[in-house]
file protein_13.txt (compact mmCIF, C-alpha atoms (C1' of nucleotides))
# COMPACT_ATOMS: atom_id res chain seq x y z
CA MET Y 135 115.18 -160.20 56.14
CA PRO Y 136 116.39 -159.54 52.64
CA GLY Y 137 118.30 -162.23 50.81
CA SER Y 138 116.42 -165.12 52.40
CA SER Y 139 114.33 -165.66 49.28
CA ARG Y 140 113.69 -168.96 47.74
CA GLU Y 141 116.79 -170.23 46.01
CA LEU Y 142 116.21 -172.40 42.99
CA PHE Y 143 118.29 -175.37 42.02
CA HIS Y 144 121.20 -174.83 39.65
CA PRO Y 145 123.14 -177.79 38.31
CA ASP Y 146 126.86 -177.92 38.97
CA VAL Y 147 129.16 -177.12 36.08
CA ALA Y 148 130.48 -180.66 35.99
CA ASP Y 149 126.97 -182.05 35.67
CA LEU Y 150 125.97 -180.14 32.57
CA VAL Y 151 124.95 -182.33 29.66
CA LEU Y 152 125.55 -181.26 26.09
CA THR Y 153 122.30 -182.60 24.68
CA ASP Y 154 120.36 -180.86 27.43
CA VAL Y 155 121.98 -177.55 26.54
CA LEU Y 156 121.31 -178.06 22.85
CA SER Y 157 117.75 -179.04 23.61
CA ALA Y 158 117.23 -175.96 25.76
CA LEU Y 159 118.56 -173.73 22.99
CA SER Y 160 116.62 -175.46 20.24
CA ASP Y 161 113.45 -173.55 21.02
CA PRO Y 162 113.21 -170.18 19.27
CA ALA Y 163 111.83 -168.39 22.32
CA ARG Y 164 114.52 -169.79 24.60
CA LEU Y 165 117.25 -169.02 22.11
CA GLU Y 166 116.07 -165.44 21.95
CA ILE Y 167 115.98 -165.18 25.72
CA THR Y 168 119.52 -166.51 25.84
CA CYS Y 169 120.74 -164.02 23.25
CA ARG Y 170 119.18 -161.17 25.12
CA LEU Y 171 120.84 -162.29 28.32
CA ALA Y 172 124.22 -162.15 26.59
CA GLU Y 173 124.06 -158.40 27.07
CA GLY Y 174 123.43 -158.64 30.78
CA PRO Y 175 121.07 -159.95 33.46
CA LEU Y 176 117.39 -159.19 33.19
CA GLU Y 177 114.33 -159.48 35.38
CA VAL Y 178 112.09 -162.37 34.39
CA ALA Y 179 109.42 -160.19 32.82
CA ALA Y 180 112.03 -158.44 30.68
CA CYS Y 181 113.07 -161.76 29.18
CA GLN Y 182 109.81 -161.93 27.26
CA PRO Y 183 110.70 -162.43 23.60
CA THR Y 184 109.71 -159.57 21.30
CA GLY Y 185 106.34 -159.97 19.70
CA ALA Y 186 105.75 -163.28 21.45
CA ASP Y 187 102.75 -162.95 23.68
CA MET Y 188 103.23 -165.71 26.23
CA SER Y 189 101.70 -166.03 29.64
CA LYS Y 190 103.96 -165.53 32.62
CA SER Y 191 103.67 -169.19 33.54
CA THR Y 192 104.93 -170.13 30.09
CA LEU Y 193 107.78 -167.66 30.33
CA SER Y 194 108.65 -169.04 33.73
CA HIS Y 195 108.61 -172.54 32.27
CA HIS Y 196 111.06 -171.65 29.51
CA ILE Y 197 113.41 -170.04 31.99
CA LYS Y 198 113.17 -173.18 34.09
CA ILE Y 199 114.23 -175.32 31.13
CA LEU Y 200 117.20 -173.03 30.53
CA ARG Y 201 118.08 -173.07 34.22
CA GLU Y 202 117.91 -176.84 34.58
CA ALA Y 203 120.10 -177.24 31.51
CA GLY Y 204 122.62 -174.92 33.14
CA VAL Y 205 122.29 -172.13 30.63
CA VAL Y 206 121.00 -169.47 33.00
CA ARG Y 207 120.92 -168.59 36.66
CA ASN Y 208 117.78 -167.35 38.35
CA ASP Y 209 118.46 -165.50 41.58
CA PRO Y 210 116.10 -163.63 43.84
CA HIS Y 211 116.56 -159.88 43.95
CA GLY Y 212 114.18 -158.07 46.16
CA ARG Y 213 110.68 -158.71 45.03
CA GLN Y 214 111.79 -159.81 41.62
CA ARG Y 215 114.39 -162.15 40.19
CA TYR Y 216 117.41 -161.70 38.03
CA VAL Y 217 118.00 -164.10 35.21
CA SER Y 218 121.59 -164.24 33.99
CA LEU Y 219 123.58 -166.21 31.46
CA ARG Y 220 126.04 -168.71 32.94
CA ARG Y 221 128.54 -167.74 30.32
CA GLN Y 222 131.74 -168.63 32.10
CA ASP Y 223 130.33 -171.91 33.41
CA LEU Y 224 129.29 -172.89 29.92
CA GLU Y 225 132.67 -171.88 28.57
CA ASP Y 226 134.40 -174.01 31.20
CA ARG Y 227 132.28 -177.05 30.53
CA PHE Y 228 131.76 -176.67 26.79
CA PRO Y 229 134.53 -174.44 25.47
CA GLY Y 230 133.70 -172.73 22.21
CA LEU Y 231 130.09 -173.87 22.13
CA LEU Y 232 128.04 -170.87 23.13
CA ASP Y 233 129.67 -168.05 21.18
CA PRO Y 234 128.90 -169.40 17.69
CA ILE Y 235 125.33 -170.12 18.68
CA LEU Y 236 124.79 -166.61 20.03
CA ARG Y 237 126.42 -165.14 16.97
CA LEU Y 238 124.34 -167.21 14.55
CA ALA Y 239 121.00 -166.80 16.26
CA PRO Y 240 118.44 -164.70 14.37
CA GLY Y 241 118.99 -161.54 16.40
CA GLY Y 242 122.53 -162.25 17.51
CA ASP Y 243 124.39 -160.21 14.93
CA GLN Y 244 125.05 -157.26 17.21
CA LEU Y 245 127.80 -159.04 19.12
CA MET U 210 118.78 -198.86 -14.60
CA PRO U 211 121.09 -198.01 -11.73
CA GLY U 212 121.00 -194.54 -10.24
CA SER U 213 117.30 -194.07 -10.82
CA SER U 214 116.54 -194.78 -7.16
CA ARG U 215 114.24 -192.76 -5.08
CA GLU U 216 115.78 -189.44 -4.17
CA LEU U 217 114.80 -187.97 -0.85
CA PHE U 218 114.26 -184.31 -0.15
CA HIS U 219 117.18 -182.26 1.09
CA PRO U 220 116.70 -178.66 2.17
CA ASP U 221 118.71 -175.98 0.41
CA VAL U 222 121.61 -174.48 2.33
CA ALA U 223 119.92 -171.09 2.50
CA ASP U 224 116.83 -172.62 4.05
CA LEU U 225 118.53 -174.23 7.03
CA VAL U 226 117.21 -173.06 10.39
CA LEU U 227 119.46 -172.88 13.42
CA THR U 228 116.89 -174.11 15.93
CA ASP U 229 116.09 -177.06 13.69
CA VAL U 230 119.74 -178.04 13.57
CA LEU U 231 120.09 -177.69 17.34
CA SER U 232 116.92 -179.68 17.84
CA ALA U 233 118.16 -182.44 15.56
CA LEU U 234 121.44 -182.62 17.45
CA SER U 235 119.83 -182.48 20.89
CA ASP U 236 118.97 -186.16 20.86
CA PRO U 237 121.79 -188.40 22.12
CA ALA U 238 121.28 -191.01 19.43
CA ARG U 239 121.25 -188.44 16.65
CA LEU U 240 124.26 -186.66 18.05
CA GLU U 241 126.16 -189.92 18.09
CA ILE U 242 125.13 -190.67 14.53
CA THR U 243 126.35 -187.24 13.51
CA CYS U 244 129.69 -187.70 15.25
CA ARG U 245 130.20 -191.02 13.58
CA LEU U 246 129.46 -189.50 10.19
CA ALA U 247 132.18 -186.93 10.78
CA GLU U 248 134.64 -189.66 9.87
CA GLY U 249 132.96 -190.44 6.60
CA PRO U 250 129.72 -191.62 4.98
CA LEU U 251 128.05 -194.76 6.26
CA GLU U 252 125.30 -197.06 5.19
CA VAL U 253 122.12 -196.58 7.17
CA ALA U 254 122.52 -199.78 9.18
CA ALA U 255 126.05 -198.79 10.17
CA CYS U 256 124.75 -195.57 11.70
CA GLN U 257 123.17 -197.53 14.53
CA PRO U 258 124.47 -196.05 17.80
CA THR U 259 126.61 -198.38 19.89
CA GLY U 260 124.70 -200.35 22.48
CA ALA U 261 121.40 -198.79 21.45
CA ASP U 262 119.11 -201.47 20.20
CA MET U 263 116.68 -199.59 18.01
CA SER U 264 114.45 -200.93 15.28
CA LYS U 265 115.30 -200.06 11.74
CA SER U 266 112.20 -197.90 11.45
CA THR U 267 113.36 -195.87 14.45
CA LEU U 268 116.85 -195.51 13.03
CA SER U 269 115.35 -194.43 9.72
CA HIS U 270 113.24 -191.90 11.58
CA HIS U 271 116.25 -190.34 13.31
CA ILE U 272 118.12 -190.09 10.05
CA LYS U 273 115.08 -188.42 8.56
CA ILE U 274 115.10 -185.78 11.31
CA LEU U 275 118.78 -185.11 10.66
CA ARG U 276 118.18 -184.96 6.92
CA GLU U 277 115.25 -182.57 7.14
CA ALA U 278 117.26 -180.30 9.41
CA GLY U 279 120.01 -180.28 6.80
CA VAL U 280 122.58 -182.08 8.91
CA VAL U 281 122.97 -185.14 6.71
CA ARG U 282 122.42 -186.31 3.17
CA ASN U 283 120.84 -189.65 2.37
CA ASP U 284 121.63 -190.86 -1.12
CA PRO U 285 120.81 -194.13 -2.79
CA HIS U 286 123.77 -196.36 -3.54
CA GLY U 287 122.91 -199.61 -5.15
CA ARG U 288 120.65 -201.57 -2.92
CA GLN U 289 121.58 -199.53 0.10
CA ARG U 290 121.93 -195.87 0.96
CA TYR U 291 124.80 -193.69 2.01
CA VAL U 292 124.29 -191.25 4.83
CA SER U 293 126.80 -188.41 4.88
CA LEU U 294 127.39 -185.28 6.93
CA ARG U 295 126.66 -182.02 5.12
CA ARG U 296 129.73 -180.52 6.69
CA GLN U 297 130.54 -177.84 4.14
CA ASP U 298 126.91 -176.80 3.79
CA LEU U 299 126.60 -176.41 7.53
CA GLU U 300 129.86 -174.49 7.64
CA ASP U 301 128.62 -172.16 4.92
CA ARG U 302 125.31 -171.50 6.59
CA PHE U 303 126.41 -171.63 10.24
CA PRO U 304 130.15 -171.00 10.34
CA GLY U 305 131.85 -172.31 13.43
CA LEU U 306 128.80 -174.12 14.75
CA LEU U 307 129.39 -177.77 14.03
CA ASP U 308 133.01 -178.26 15.01
CA PRO U 309 132.63 -177.43 18.71
CA ILE U 310 129.58 -179.64 18.96
CA LEU U 311 131.34 -182.59 17.38
CA ARG U 312 134.37 -182.02 19.58
CA LEU U 313 132.33 -181.77 22.78
CA ALA U 314 130.01 -184.68 22.11
CA PRO U 315 130.48 -187.70 24.40
CA GLY U 316 132.48 -189.74 21.88
CA GLY U 317 133.85 -186.85 19.85
CA ASP U 318 137.27 -186.57 21.45
CA GLN U 319 139.10 -188.49 18.73
CA LEU U 320 138.95 -185.58 16.31
C1' DC D 62 111.32 -214.70 -12.46
C1' DG D 63 111.54 -215.07 -7.47
C1' DA D 64 113.79 -214.69 -3.02
C1' DA D 65 116.70 -212.00 -0.14
C1' DT D 66 118.35 -207.49 1.19
C1' DG D 67 118.41 -202.62 2.74
C1' DG D 68 115.52 -199.06 3.83
C1' DT D 69 111.39 -196.09 3.79
C1' DT D 70 106.67 -195.23 4.93
C1' DC D 71 102.34 -196.13 7.38
C1' DT D 72 99.81 -196.74 11.54
C1' DA D 73 99.35 -196.98 16.20
C1' DT D 74 100.70 -196.26 21.02
C1' DG D 75 102.89 -194.23 24.89
C1' DT D 76 105.63 -190.49 26.44
C1' DT D 77 107.19 -185.86 26.58
C1' DT D 78 106.55 -181.00 25.67
C1' DT D 79 104.04 -176.82 25.37
C1' DT D 80 100.74 -173.79 26.89
C1' DC D 81 97.61 -171.57 29.95
C1' DG D 82 94.73 -170.29 34.04
C1' DA D 83 94.45 -170.65 38.82
C1' DA D 84 96.42 -171.05 43.13
C1' DC D 85 100.28 -170.15 45.95
C1' DT D 86 104.81 -167.84 47.95
C1' DG D 87 107.71 -164.26 49.15
C1' DT D 88 108.62 -159.04 49.08
C1' DT D 89 107.66 -154.23 49.16
C1' DG D 90 105.38 -150.25 50.79
C1' DC D 91 101.36 -147.89 52.73
C1' DG Q 16 98.48 -155.97 58.73
C1' DC Q 17 97.13 -155.72 54.03
C1' DA Q 18 97.05 -154.82 49.19
C1' DA Q 19 99.90 -154.90 45.17
C1' DC Q 20 103.53 -157.06 42.80
C1' DA Q 21 106.91 -160.55 40.67
C1' DG Q 22 107.27 -165.12 39.90
C1' DT Q 23 106.82 -170.11 40.74
C1' DT Q 24 104.14 -174.23 40.92
C1' DC Q 25 100.08 -177.03 40.07
C1' DG Q 26 96.74 -179.18 37.05
C1' DA Q 27 94.87 -180.03 32.76
C1' DA Q 28 94.43 -180.16 27.74
C1' DA Q 29 96.52 -180.09 23.17
C1' DA Q 30 100.39 -180.80 20.30
C1' DA Q 31 104.63 -182.90 19.17
C1' DC Q 32 107.87 -186.74 19.48
C1' DA Q 33 109.79 -191.53 19.97
C1' DT Q 34 109.29 -196.16 19.12
C1' DA Q 35 108.19 -200.33 16.88
C1' DG Q 36 105.70 -203.68 13.87
C1' DA Q 37 103.83 -204.33 9.37
C1' DA Q 38 103.50 -203.20 4.80
C1' DC Q 39 105.79 -201.59 0.98
C1' DC Q 40 109.52 -200.39 -2.65
C1' DA Q 41 113.73 -200.78 -5.25
C1' DT Q 42 117.84 -203.42 -6.07
C1' DT Q 43 120.72 -207.41 -6.48
C1' DC Q 44 121.64 -212.16 -7.24
C1' DG Q 45 120.67 -216.99 -8.12
call {"tool": "encode", "arguments": {"input": "protein_13.txt", "output": "structure tokens"}}
result
Amino acid sequence: MPGSSRELFHPDVADLVLTDVLSALSDPARLEITCRLAEGPLEVAACQPTGADMSKSTLSHHIKILREAGVVRNDPHGRQRYVSLRRQDLEDRFPGLLDPILRLAPGGDQL
Amino acid sequence: MPGSSRELFHPDVADLVLTDVLSALSDPARLEITCRLAEGPLEVAACQPTGADMSKSTLSHHIKILREAGVVRNDPHGRQRYVSLRRQDLEDRFPGLLDPILRLAPGGDQL
DNA sequence: CGAATGGTTCTATGTTTTTCGAACTGTTGC
DNA sequence: GCAACAGTTCGAAAAACATAGAACCATTCG
């Protein structure tokens, strides 16, 4: 039965906390993941930052931090998962916050 | 001989790192200090977040984190010190970053 | 000079974060 | 069913961070 996968917790828009978002984005690896997701959803494995050689448990951990801060969604999709940026939710809760950060991030100049 | 006080290190504008700034601002106490400084320089003791009862060594530590990230200056002024927001420097290095954060911070709606 | 003041730095302690391997869960396809 | 696959979760160890007291330093003022 497809679609019955394990759903992970995602905080409600109203519950997002600014310092949690900033904290989530203050790690270089997580910031890069976030920038990459600005171009569209990715499978977990494809979120792996360039050059960074992290274990899959570490990568999963970073995505968890981003998810719990409300920065990304993580939804099951067949045997894998799609990670996507909660762009509109972030814009609703923290208008004008995300765009400058994405633009200013090390590899975010192709926006 | 006034003015010969101990000068602390302040990173050059070009050396500021985005993740360091985000990390510095991701702590509630430091974010509040930063917001308060948006209205003008303050003596160190006056930076103390409302309600938070932190020791002066802890307060000094937080201001140090902000200073080393390039968010604030800390200059001697007689027997005390003035802490000030490096607003223009941040704007030069990370245009458009600070204003939304200050505006969205818990007590930053009086801007 | 000597005491008080405003802050920094040092040292130590407890907490949080980061990282990884190993074990586990759900899904696909033979 | 069973092996392979994509990820999460658990457990542990190392690193980083927060906090506070004590010591210290520079400045002012009597």
call {"tool": "calpha_fit_and_write", "arguments": {"input": "protein_13.txt", "fixed": "chain U", "moving": "chain Y", "output": "PDB file with C-alpha atoms, in the frame of the given file"}}
result
ATOM      1  CA  MET Y 135     118.927-198.806 -14.566  1.00  0.00           C
ATOM      2  CA  PRO Y 136     121.227-197.908 -11.727  1.00  0.00           C
ATOM      3  CA  GLY Y 137     121.043-194.452 -10.226  1.00  0.00           C
ATOM      4  CA  SER Y 138     117.305-194.051 -10.759  1.00  0.00           C
ATOM      5  CA  SER Y 139     116.567-194.760  -7.105  1.00  0.00           C
ATOM      6  CA  ARG Y 140     114.265-192.762  -5.014  1.00  0.00           C
ATOM      7  CA  GLU Y 141     115.814-189.431  -4.162  1.00  0.00           C
ATOM      8  CA  LEU Y 142     114.814-187.957  -0.847  1.00  0.00           C
ATOM      9  CA  PHE Y 143     114.272-184.305  -0.170  1.00  0.00           C
ATOM     10  CA  HIS Y 144     117.200-182.258   1.099  1.00  0.00           C
ATOM     11  CA  PRO Y 145     116.691-178.663   2.165  1.00  0.00           C
ATOM     12  CA  ASP Y 146     118.716-175.990   0.421  1.00  0.00           C
ATOM     13  CA  VAL Y 147     121.610-174.487   2.331  1.00  0.00           C
ATOM     14  CA  ALA Y 148     119.914-171.113   2.489  1.00  0.00           C
ATOM     15  CA  ASP Y 149     116.823-172.646   4.053  1.00  0.00           C
ATOM     16  CA  LEU Y 150     118.521-174.243   7.023  1.00  0.00           C
ATOM     17  CA  VAL Y 151     117.199-173.087  10.373  1.00  0.00           C
ATOM     18  CA  LEU Y 152     119.434-172.898  13.409  1.00  0.00           C
ATOM     19  CA  THR Y 153     116.874-174.129  15.914  1.00  0.00           C
ATOM     20  CA  ASP Y 154     116.075-177.085  13.683  1.00  0.00           C
ATOM     21  CA  VAL Y 155     119.738-178.055  13.579  1.00  0.00           C
ATOM     22  CA  LEU Y 156     120.082-177.685  17.331  1.00  0.00           C
ATOM     23  CA  SER Y 157     116.924-179.681  17.838  1.00  0.00           C
ATOM     24  CA  ALA Y 158     118.158-182.447  15.556  1.00  0.00           C
ATOM     25  CA  LEU Y 159     121.438-182.633  17.458  1.00  0.00           C
ATOM     26  CA  SER Y 160     119.824-182.473  20.877  1.00  0.00           C
ATOM     27  CA  ASP Y 161     118.982-186.161  20.856  1.00  0.00           C
ATOM     28  CA  PRO Y 162     121.792-188.391  22.125  1.00  0.00           C
ATOM     29  CA  ALA Y 163     121.286-191.019  19.433  1.00  0.00           C
ATOM     30  CA  ARG Y 164     121.260-188.442  16.648  1.00  0.00           C
ATOM     31  CA  LEU Y 165     124.278-186.664  18.054  1.00  0.00           C
ATOM     32  CA  GLU Y 166     126.166-189.930  18.084  1.00  0.00           C
ATOM     33  CA  ILE Y 167     125.144-190.687  14.525  1.00  0.00           C
ATOM     34  CA  THR Y 168     126.359-187.251  13.506  1.00  0.00           C
ATOM     35  CA  CYS Y 169     129.703-187.718  15.237  1.00  0.00           C
ATOM     36  CA  ARG Y 170     130.209-191.037  13.569  1.00  0.00           C
ATOM     37  CA  LEU Y 171     129.460-189.517  10.196  1.00  0.00           C
ATOM     38  CA  ALA Y 172     132.198-186.946  10.771  1.00  0.00           C
ATOM     39  CA  GLU Y 173     134.649-189.682   9.863  1.00  0.00           C
ATOM     40  CA  GLY Y 174     132.949-190.477   6.592  1.00  0.00           C
ATOM     41  CA  PRO Y 175     129.715-191.647   4.967  1.00  0.00           C
ATOM     42  CA  LEU Y 176     128.049-194.774   6.247  1.00  0.00           C
ATOM     43  CA  GLU Y 177     125.262-197.075   5.160  1.00  0.00           C
ATOM     44  CA  VAL Y 178     122.089-196.581   7.169  1.00  0.00           C
ATOM     45  CA  ALA Y 179     122.471-199.773   9.173  1.00  0.00           C
ATOM     46  CA  ALA Y 180     126.012-198.797  10.153  1.00  0.00           C
ATOM     47  CA  CYS Y 181     124.732-195.582  11.695  1.00  0.00           C
ATOM     48  CA  GLN Y 182     123.163-197.548  14.527  1.00  0.00           C
ATOM     49  CA  PRO Y 183     124.477-196.068  17.770  1.00  0.00           C
ATOM     50  CA  THR Y 184     126.620-198.415  19.855  1.00  0.00           C
ATOM     51  CA  GLY Y 185     124.720-200.347  22.450  1.00  0.00           C
ATOM     52  CA  ALA Y 186     121.435-198.754  21.428  1.00  0.00           C
ATOM     53  CA  ASP Y 187     119.120-201.440  20.201  1.00  0.00           C
ATOM     54  CA  MET Y 188     116.654-199.562  18.023  1.00  0.00           C
ATOM     55  CA  SER Y 189     114.427-200.910  15.322  1.00  0.00           C
ATOM     56  CA  LYS Y 190     115.285-200.032  11.754  1.00  0.00           C
ATOM     57  CA  SER Y 191     112.191-197.872  11.469  1.00  0.00           C
ATOM     58  CA  THR Y 192     113.355-195.855  14.460  1.00  0.00           C
ATOM     59  CA  LEU Y 193     116.836-195.521  13.028  1.00  0.00           C
ATOM     60  CA  SER Y 194     115.347-194.419   9.743  1.00  0.00           C
ATOM     61  CA  HIS Y 195     113.250-191.864  11.603  1.00  0.00           C
ATOM     62  CA  HIS Y 196     116.263-190.332  13.333  1.00  0.00           C
ATOM     63  CA  ILE Y 197     118.129-190.078  10.059  1.00  0.00           C
ATOM     64  CA  LYS Y 198     115.078-188.397   8.577  1.00  0.00           C
ATOM     65  CA  ILE Y 199     115.105-185.773  11.329  1.00  0.00           C
ATOM     66  CA  LEU Y 200     118.788-185.116  10.676  1.00  0.00           C
ATOM     67  CA  ARG Y 201     118.180-184.960   6.934  1.00  0.00           C
ATOM     68  CA  GLU Y 202     115.252-182.562   7.155  1.00  0.00           C
ATOM     69  CA  ALA Y 203     117.269-180.296   9.431  1.00  0.00           C
ATOM     70  CA  GLY Y 204     120.012-180.287   6.810  1.00  0.00           C
ATOM     71  CA  VAL Y 205     122.580-182.083   8.900  1.00  0.00           C
ATOM     72  CA  VAL Y 206     122.964-185.147   6.704  1.00  0.00           C
ATOM     73  CA  ARG Y 207     122.428-186.304   3.161  1.00  0.00           C
ATOM     74  CA  ASN Y 208     120.845-189.637   2.364  1.00  0.00           C
ATOM     75  CA  ASP Y 209     121.612-190.849  -1.137  1.00  0.00           C
ATOM     76  CA  PRO Y 210     120.794-194.129  -2.795  1.00  0.00           C
ATOM     77  CA  HIS Y 211     123.745-196.369  -3.545  1.00  0.00           C
ATOM     78  CA  GLY Y 212     122.887-199.615  -5.142  1.00  0.00           C
ATOM     79  CA  ARG Y 213     120.589-201.541  -2.918  1.00  0.00           C
ATOM     80  CA  GLN Y 214     121.533-199.528   0.103  1.00  0.00           C
ATOM     81  CA  ARG Y 215     121.908-195.869   0.969  1.00  0.00           C
ATOM     82  CA  TYR Y 216     124.776-193.710   2.018  1.00  0.00           C
ATOM     83  CA  VAL Y 217     124.280-191.265   4.818  1.00  0.00           C
ATOM     84  CA  SER Y 218     126.792-188.422   4.886  1.00  0.00           C
ATOM     85  CA  LEU Y 219     127.389-185.303   6.925  1.00  0.00           C
ATOM     86  CA  ARG Y 220     126.673-182.033   5.113  1.00  0.00           C
ATOM     87  CA  ARG Y 221     129.731-180.539   6.685  1.00  0.00           C
ATOM     88  CA  GLN Y 222     130.543-177.875   4.147  1.00  0.00           C
ATOM     89  CA  ASP Y 223     126.903-176.832   3.787  1.00  0.00           C
ATOM     90  CA  LEU Y 224     126.617-176.436   7.526  1.00  0.00           C
ATOM     91  CA  GLU Y 225     129.864-174.509   7.626  1.00  0.00           C
ATOM     92  CA  ASP Y 226     128.607-172.173   4.905  1.00  0.00           C
ATOM     93  CA  ARG Y 227     125.303-171.534   6.595  1.00  0.00           C
ATOM     94  CA  PHE Y 228     126.395-171.657  10.228  1.00  0.00           C
ATOM     95  CA  PRO Y 229     130.131-171.005  10.322  1.00  0.00           C
ATOM     96  CA  GLY Y 230     131.840-172.322  13.418  1.00  0.00           C
ATOM     97  CA  LEU Y 231     128.793-174.130  14.754  1.00  0.00           C
ATOM     98  CA  LEU Y 232     129.366-177.784  14.035  1.00  0.00           C
ATOM     99  CA  ASP Y 233     133.007-178.268  14.993  1.00  0.00           C
ATOM    100  CA  PRO Y 234     132.623-177.426  18.700  1.00  0.00           C
ATOM    101  CA  ILE Y 235     129.576-179.637  18.958  1.00  0.00           C
ATOM    102  CA  LEU Y 236     131.351-182.601  17.379  1.00  0.00           C
ATOM    103  CA  ARG Y 237     134.361-182.014  19.564  1.00  0.00           C
ATOM    104  CA  LEU Y 238     132.314-181.768  22.761  1.00  0.00           C
ATOM    105  CA  ALA Y 239     130.003-184.683  22.118  1.00  0.00           C
ATOM    106  CA  PRO Y 240     130.494-187.696  24.401  1.00  0.00           C
ATOM    107  CA  GLY Y 241     132.490-189.731  21.894  1.00  0.00           C
ATOM    108  CA  GLY Y 242     133.848-186.854  19.859  1.00  0.00           C
ATOM    109  CA  ASP Y 243     137.264-186.555  21.445  1.00  0.00           C
ATOM    110  CA  GLN Y 244     139.101-188.402  18.697  1.00  0.00           C
ATOM    111  CA  LEU Y 245     138.952-185.472  16.294  1.00  0.00           C
TER     112      LEU Y 245
END
call {"tool": "interface_residues", "arguments": {"input": "protein_13.txt", "of": "chain D", "to": "chain U", "cutoff": "9 Å", "atoms": "all atoms listed in the file", "output": "PDB file with C-alpha atoms (C1' of nucleotides), in the frame of the given file"}}
result
ATOM      1  C1'  DT D  66     118.350-207.490   1.190  1.00  0.00           C
ATOM      2  C1'  DG D  67     118.410-202.620   2.740  1.00  0.00           C
ATOM      3  C1'  DG D  68     115.520-199.060   3.830  1.00  0.00           C
ATOM      4  C1'  DT D  69     111.390-196.090   3.790  1.00  0.00           C
ATOM      5  C1'  DT D  70     106.670-195.230   4.930  1.00  0.00           C
TER       6       DT D  70
END
call {"tool": "interface_residues", "arguments": {"input": "protein_13.txt", "of": "chain U", "to": "chain Y", "cutoff": "12 Å", "atoms": "all atoms listed in the file", "output": "VMD selection string"}}
result
chain U and resid 225 to 241 278 299 to 317
call {"tool": "closest_atom_pairs", "arguments": {"input": "protein_13.txt", "of": "chain Q", "to": "chain Y", "cutoff": "10 Å", "atoms": "all atoms listed in the file", "output": "Markdown table"}}
result
| residue | atom | partner | partner_atom | distance |
| --- | --- | --- | --- | --- |
| Q:DC20 | C1' | Y:Arg213 | CA | 7.7 |
| Q:DA21 | C1' | Y:Gln214 | CA | 5.0 |
| Q:DG22 | C1' | Y:Gln214 | CA | 7.2 |
| Q:DT23 | C1' | Y:Ser194 | CA | 7.3 |
| Q:DT24 | C1' | Y:Ser191 | CA | 8.9 |
call {"tool": "write_last_selection", "arguments": {"input": "protein_13.txt", "atoms": "C-alpha atoms (C1' of nucleotides)", "output": "tab-separated table (two decimals), in the frame of the given file"}}
result
chain	number	residue	atom	x	y	z
Q	20	DC	C1'	103.53	-157.06	42.80
Q	21	DA	C1'	106.91	-160.55	40.67
Q	22	DG	C1'	107.27	-165.12	39.90
Q	23	DT	C1'	106.82	-170.11	40.74
Q	24	DT	C1'	104.14	-174.23	40.92
call {"tool": "residues_around", "arguments": {"input": "protein_13.txt", "residues": "DA27 of chain Q", "least_positions_apart": "3", "cutoff": "12 Å", "atoms": "all atoms listed in the file", "output": "PyMOL selection string"}}
result
chain D and resi 80-83
call {"tool": "write_last_selection", "arguments": {"input": "protein_13.txt", "atoms": "C-alpha atoms (C1' of nucleotides)", "output": "CSV table (one decimal), in the coordinates of the input"}}
result
chain,number,residue,atom,x,y,z
D,80,DT,C1',100.7,-173.8,26.9
D,81,DC,C1',97.6,-171.6,30.0
D,82,DG,C1',94.7,-170.3,34.0
D,83,DA,C1',94.4,-170.6,38.8
call {"tool": "atom_distance", "arguments": {"input": "protein_13.txt", "atom1": "atom CA of Glu141 of chain Y", "atom2": "atom C1' of DA19 of chain Q"}}
result
22.8 Å
call {"tool": "residues_around", "arguments": {"input": "protein_13.txt", "residues": "DG36 of chain Q", "least_positions_apart": "6", "cutoff": "10 Å", "atoms": "only C-alpha atoms (C1' of nucleotides)", "output": "PDB file with C-alpha atoms (C1' of nucleotides), in the frame of the given file"}}
result
ATOM      1  CA  SER U 264     114.450-200.930  15.280  1.00  0.00           C
ATOM      2  CA  SER U 266     112.200-197.900  11.450  1.00  0.00           C
TER       3      SER U 266
ATOM      4  C1'  DT D  72      99.810-196.740  11.540  1.00  0.00           C
ATOM      5  C1'  DA D  73      99.350-196.980  16.200  1.00  0.00           C
TER       6       DA D  73
END
call {"tool": "atom_distance", "arguments": {"input": "protein_13.txt", "atom1": "atom CA of Val292 of chain U", "atom2": "atom CA of Ile272 of chain U"}}
result
8.2 Å
call {"tool": "residues_near_point", "arguments": {"input": "protein_13.txt", "point": "(125.4, -162.7, 38.1)", "cutoff": "10 Å", "atoms": "all atoms listed in the file", "output": "ChimeraX atom specification"}}
result
/Y:174-175,206-209,216-221
call {"tool": "atom_distance", "arguments": {"input": "protein_13.txt", "atom1": "atom C1' of DC17 of chain Q", "atom2": "atom C1' of DA84 of chain D"}}
result
18.8 Å
